[in-house]
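Please read the structure below before turning to the comments.
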Amino acid sequence: MVNEVEKRGLTVYVCELCGSTYGDLETAECCERYCYSHGHSSRDITQRTVKPFVRFIRVEPRRREPAPKRSEPR
Ligand SMILES: [Zn+2]
């Protein structure tokens, strides 16, 4: 069964067999039918995938606070 996933107002359809995501239900169902009957996904179909979840997220390196120098009086 095709999974419908909504993320940030964008609905995508996921082929349960190969995990490809599509912008429309028809293509996703088409993919799933192909996957089901062939045991693998169709390159013609999977090239229509959308990858809304793949994003380049820039992760700011966490700045290390310099350890405060403690002057402990003896
Ligand atoms: Zn598929």
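Letters A, B, ... go to the chains of the structure tokens in the order shown; residues in each chain start at 1; ligands are counted from 1 in the same order.
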- Task: Find the residues near A:Tyr22: any atom within 10 Å, counting only C-alpha atoms, skip ones fewer than 6 places away on the same chain, and give them as a PyMOL selection string.
- Result: chain A and resi 2+4+11-15+28-29+31+45-52
Write the residues of the preceding selection, restricted to N, CA and C atoms, as a PDB file, in the first residue's frame.
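Contents of selection_32.pdb, as written:
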```pdb
ATOM      1  N   VAL A   2       0.432   2.200  -0.754  1.00  0.00           N
ATOM      2  CA  VAL A   2       1.173   3.445  -0.837  1.00  0.00           C
ATOM      3  C   VAL A   2       0.948   4.262   0.432  1.00  0.00           C
ATOM      4  N   GLU A   4       0.901   7.649   2.466  1.00  0.00           N
ATOM      5  CA  GLU A   4       0.803   9.074   2.233  1.00  0.00           C
ATOM      6  C   GLU A   4       1.490   9.778   3.387  1.00  0.00           C
ATOM      7  N   THR A  11       2.440  16.962   0.475  1.00  0.00           N
ATOM      8  CA  THR A  11       2.079  15.561   0.555  1.00  0.00           C
ATOM      9  C   THR A  11       2.876  14.765  -0.469  1.00  0.00           C
ATOM     10  N   VAL A  12       3.459  13.705  -0.011  1.00  0.00           N
ATOM     11  CA  VAL A  12       4.176  12.822  -0.924  1.00  0.00           C
ATOM     12  C   VAL A  12       3.663  11.402  -0.723  1.00  0.00           C
ATOM     13  N   TYR A  13       3.847  10.604  -1.730  1.00  0.00           N
ATOM     14  CA  TYR A  13       3.373   9.238  -1.687  1.00  0.00           C
ATOM     15  C   TYR A  13       4.568   8.308  -1.778  1.00  0.00           C
ATOM     16  N   VAL A  14       4.592   7.397  -0.834  1.00  0.00           N
ATOM     17  CA  VAL A  14       5.752   6.530  -0.718  1.00  0.00           C
ATOM     18  C   VAL A  14       5.408   5.109  -1.131  1.00  0.00           C
ATOM     19  N   CYS A  15       6.172   4.582  -2.033  1.00  0.00           N
ATOM     20  CA  CYS A  15       6.024   3.185  -2.410  1.00  0.00           C
ATOM     21  C   CYS A  15       6.552   2.349  -1.254  1.00  0.00           C
ATOM     22  N   ALA A  28       3.083   6.717  -7.660  1.00  0.00           N
ATOM     23  CA  ALA A  28       3.462   5.862  -6.537  1.00  0.00           C
ATOM     24  C   ALA A  28       2.797   4.497  -6.639  1.00  0.00           C
ATOM     25  N   GLU A  29       1.546   4.507  -7.033  1.00  0.00           N
ATOM     26  CA  GLU A  29       0.835   3.236  -7.197  1.00  0.00           C
ATOM     27  C   GLU A  29       1.409   2.444  -8.352  1.00  0.00           C
ATOM     28  N   CYS A  31       4.457   2.569  -9.363  1.00  0.00           N
ATOM     29  CA  CYS A  31       5.728   2.045  -8.894  1.00  0.00           C
ATOM     30  C   CYS A  31       5.511   0.812  -8.043  1.00  0.00           C
ATOM     31  N   ILE A  45      10.244   4.589 -13.622  1.00  0.00           N
ATOM     32  CA  ILE A  45       9.336   5.169 -12.637  1.00  0.00           C
ATOM     33  C   ILE A  45      10.121   5.888 -11.545  1.00  0.00           C
ATOM     34  N   THR A  46      11.158   5.257 -11.077  1.00  0.00           N
ATOM     35  CA  THR A  46      11.871   5.858  -9.942  1.00  0.00           C
ATOM     36  C   THR A  46      12.583   7.152 -10.311  1.00  0.00           C
ATOM     37  N   GLN A  47      12.758   7.379 -11.592  1.00  0.00           N
ATOM     38  CA  GLN A  47      13.388   8.655 -11.940  1.00  0.00           C
ATOM     39  C   GLN A  47      12.408   9.824 -11.793  1.00  0.00           C
ATOM     40  N   ARG A  48      11.176   9.467 -11.501  1.00  0.00           N
ATOM     41  CA  ARG A  48      10.185  10.523 -11.278  1.00  0.00           C
ATOM     42  C   ARG A  48       9.991  10.818  -9.786  1.00  0.00           C
ATOM     43  N   THR A  49      10.842  10.238  -9.011  1.00  0.00           N
ATOM     44  CA  THR A  49      10.698  10.434  -7.571  1.00  0.00           C
ATOM     45  C   THR A  49      10.972  11.880  -7.175  1.00  0.00           C
ATOM     46  N   VAL A  50      10.390  12.220  -6.084  1.00  0.00           N
ATOM     47  CA  VAL A  50      10.704  13.514  -5.500  1.00  0.00           C
ATOM     48  C   VAL A  50      11.386  13.242  -4.165  1.00  0.00           C
ATOM     49  N   LYS A  51      12.280  14.103  -3.841  1.00  0.00           N
ATOM     50  CA  LYS A  51      12.983  13.891  -2.581  1.00  0.00           C
ATOM     51  C   LYS A  51      12.845  15.120  -1.701  1.00  0.00           C
ATOM     52  N   PRO A  52      11.646  15.248  -1.158  1.00  0.00           N
ATOM     53  CA  PRO A  52      11.416  16.451  -0.355  1.00  0.00           C
ATOM     54  C   PRO A  52      12.146  16.418   0.974  1.00  0.00           C
TER      55      PRO A  52
END
```
- Task: Please check which protein, DNA or RNA residues sit within 8 Å of ligand 1, counting only C-alpha atoms and all ligand atoms, and write them as a list of chain:residue names.
- Result: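 For ligand 1, the residues inside 8 Å are A:Val14, A:Cys15, A:Glu16, A:Leu17, A:Cys18, A:Gly19, A:Ser20, A:Ala28, A:Cys30, A:Cys31, A:Glu32, A:Arg33, A:Tyr34, A:Cys35, A:Tyr36, A:His40, A:Ser41, A:Ser42, A:Thr46.
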Restrict the selected residues to N, CA and C atoms and save them as a tab-separated table (two decimals), in the first residue's frame.
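Resulting contents of again-v7.tsv:
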```tsv
chain	number	residue	atom	x	y	z
A	14	VAL	N	4.59	7.40	-0.83
A	14	VAL	CA	5.75	6.53	-0.72
A	14	VAL	C	5.41	5.11	-1.13
A	15	CYS	N	6.17	4.58	-2.03
A	15	CYS	CA	6.02	3.18	-2.41
A	15	CYS	C	6.55	2.35	-1.25
A	16	GLU	N	5.72	1.48	-0.77
A	16	GLU	CA	6.11	0.73	0.41
A	16	GLU	C	7.18	-0.30	0.10
A	17	LEU	N	7.27	-0.68	-1.12
A	17	LEU	CA	8.20	-1.75	-1.47
A	17	LEU	C	9.62	-1.26	-1.72
A	18	CYS	N	9.74	-0.15	-2.38
A	18	CYS	CA	11.10	0.33	-2.63
A	18	CYS	C	11.41	1.62	-1.88
A	19	GLY	N	10.39	2.21	-1.30
A	19	GLY	CA	10.63	3.40	-0.48
A	19	GLY	C	10.77	4.68	-1.27
A	20	SER	N	10.50	4.62	-2.57
A	20	SER	CA	10.60	5.83	-3.38
A	20	SER	C	9.44	6.76	-3.07
A	28	ALA	N	3.08	6.72	-7.66
A	28	ALA	CA	3.46	5.86	-6.54
A	28	ALA	C	2.80	4.50	-6.64
A	30	CYS	N	1.76	3.16	-9.38
A	30	CYS	CA	2.37	2.54	-10.55
A	30	CYS	C	3.68	1.86	-10.16
A	31	CYS	N	4.46	2.57	-9.36
A	31	CYS	CA	5.73	2.05	-8.89
A	31	CYS	C	5.51	0.81	-8.04
A	32	GLU	N	4.55	0.92	-7.17
A	32	GLU	CA	4.32	-0.19	-6.27
A	32	GLU	C	3.85	-1.44	-7.01
A	33	ARG	N	3.02	-1.22	-8.01
A	33	ARG	CA	2.56	-2.36	-8.81
A	33	ARG	C	3.75	-3.01	-9.52
A	34	TYR	N	4.61	-2.15	-10.03
A	34	TYR	CA	5.78	-2.67	-10.73
A	34	TYR	C	6.68	-3.42	-9.75
A	35	CYS	N	6.92	-2.79	-8.62
A	35	CYS	CA	7.77	-3.41	-7.59
A	35	CYS	C	7.21	-4.76	-7.17
A	36	TYR	N	5.92	-4.79	-7.04
A	36	TYR	CA	5.26	-6.01	-6.57
A	36	TYR	C	5.39	-7.13	-7.58
A	40	HIS	N	11.47	-5.67	-8.13
A	40	HIS	CA	12.40	-4.54	-8.05
A	40	HIS	C	11.72	-3.34	-8.68
A	41	SER	N	12.27	-2.19	-8.42
A	41	SER	CA	11.62	-0.99	-8.92
A	41	SER	C	12.02	-0.71	-10.37
A	42	SER	N	11.16	0.02	-11.04
A	42	SER	CA	11.43	0.37	-12.42
A	42	SER	C	12.21	1.67	-12.49
A	46	THR	N	11.16	5.26	-11.08
A	46	THR	CA	11.87	5.86	-9.94
A	46	THR	C	12.58	7.15	-10.31
```
- Message: If you run DSSP on the backbone here, which positions in chain A get alpha helix (DSSP H)? Please write them as a list in words.
- Response: Leu25, Glu26, Thr27, Ala28, Glu29, Cys30, Cys31, Glu32, Arg33, Tyr34, Cys35, Tyr36, Ser37, His38, Arg43, Asp44, Ile45 and Thr46 of chain A
Okay, now the selection with C-alpha atoms, as a short mmCIF file (atom, residue, chain, number, x, y, z; two decimals), in the first residue's frame?
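part-v6.cif, written as the output of this step:
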```cif
data_model
loop_
_atom_site.label_atom_id
_atom_site.label_comp_id
_atom_site.auth_asym_id
_atom_site.auth_seq_id
_atom_site.Cartn_x
_atom_site.Cartn_y
_atom_site.Cartn_z
CA LEU A 25 -0.43 9.04 -5.97
CA GLU A 26 -0.73 7.64 -9.46
CA THR A 27 2.98 7.31 -9.98
CA ALA A 28 3.46 5.86 -6.54
CA GLU A 29 0.83 3.24 -7.20
CA CYS A 30 2.37 2.54 -10.55
CA CYS A 31 5.73 2.05 -8.89
CA GLU A 32 4.32 -0.19 -6.27
CA ARG A 33 2.56 -2.36 -8.81
CA TYR A 34 5.78 -2.67 -10.73
CA CYS A 35 7.77 -3.41 -7.59
CA TYR A 36 5.26 -6.01 -6.57
CA SER A 37 5.19 -7.86 -9.84
CA HIS A 38 8.85 -7.55 -10.76
CA ARG A 43 14.07 2.84 -13.36
CA ASP A 44 11.58 4.64 -15.58
CA ILE A 45 9.34 5.17 -12.64
CA THR A 46 11.87 5.86 -9.94
#
```
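Our summary of the geometry notes that atom CA of A:Leu10 is positioned 28.8 Å from atom CA of A:Gly39.
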- Record the distance separating atom CA of A:Arg8 and atom CA of A:Gly23, expressed in Å with one decimal.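 Atom-to-atom, atom CA of A:Arg8 to atom CA of A:Gly23, that is 13.7 Å.
Closest approach to A:Val5 from the set A:Thr21, A:Ala67, A:Glu72, A:Arg62 is made by A:Thr21, with distances taken over only C-alpha atoms.
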- Task: Give the strand (DSSP E or B) residues of chain A, as assigned by DSSP on the backbone, as a PyMOL selection string.
- Result: chain A and resi 3-7+10-14+21-22
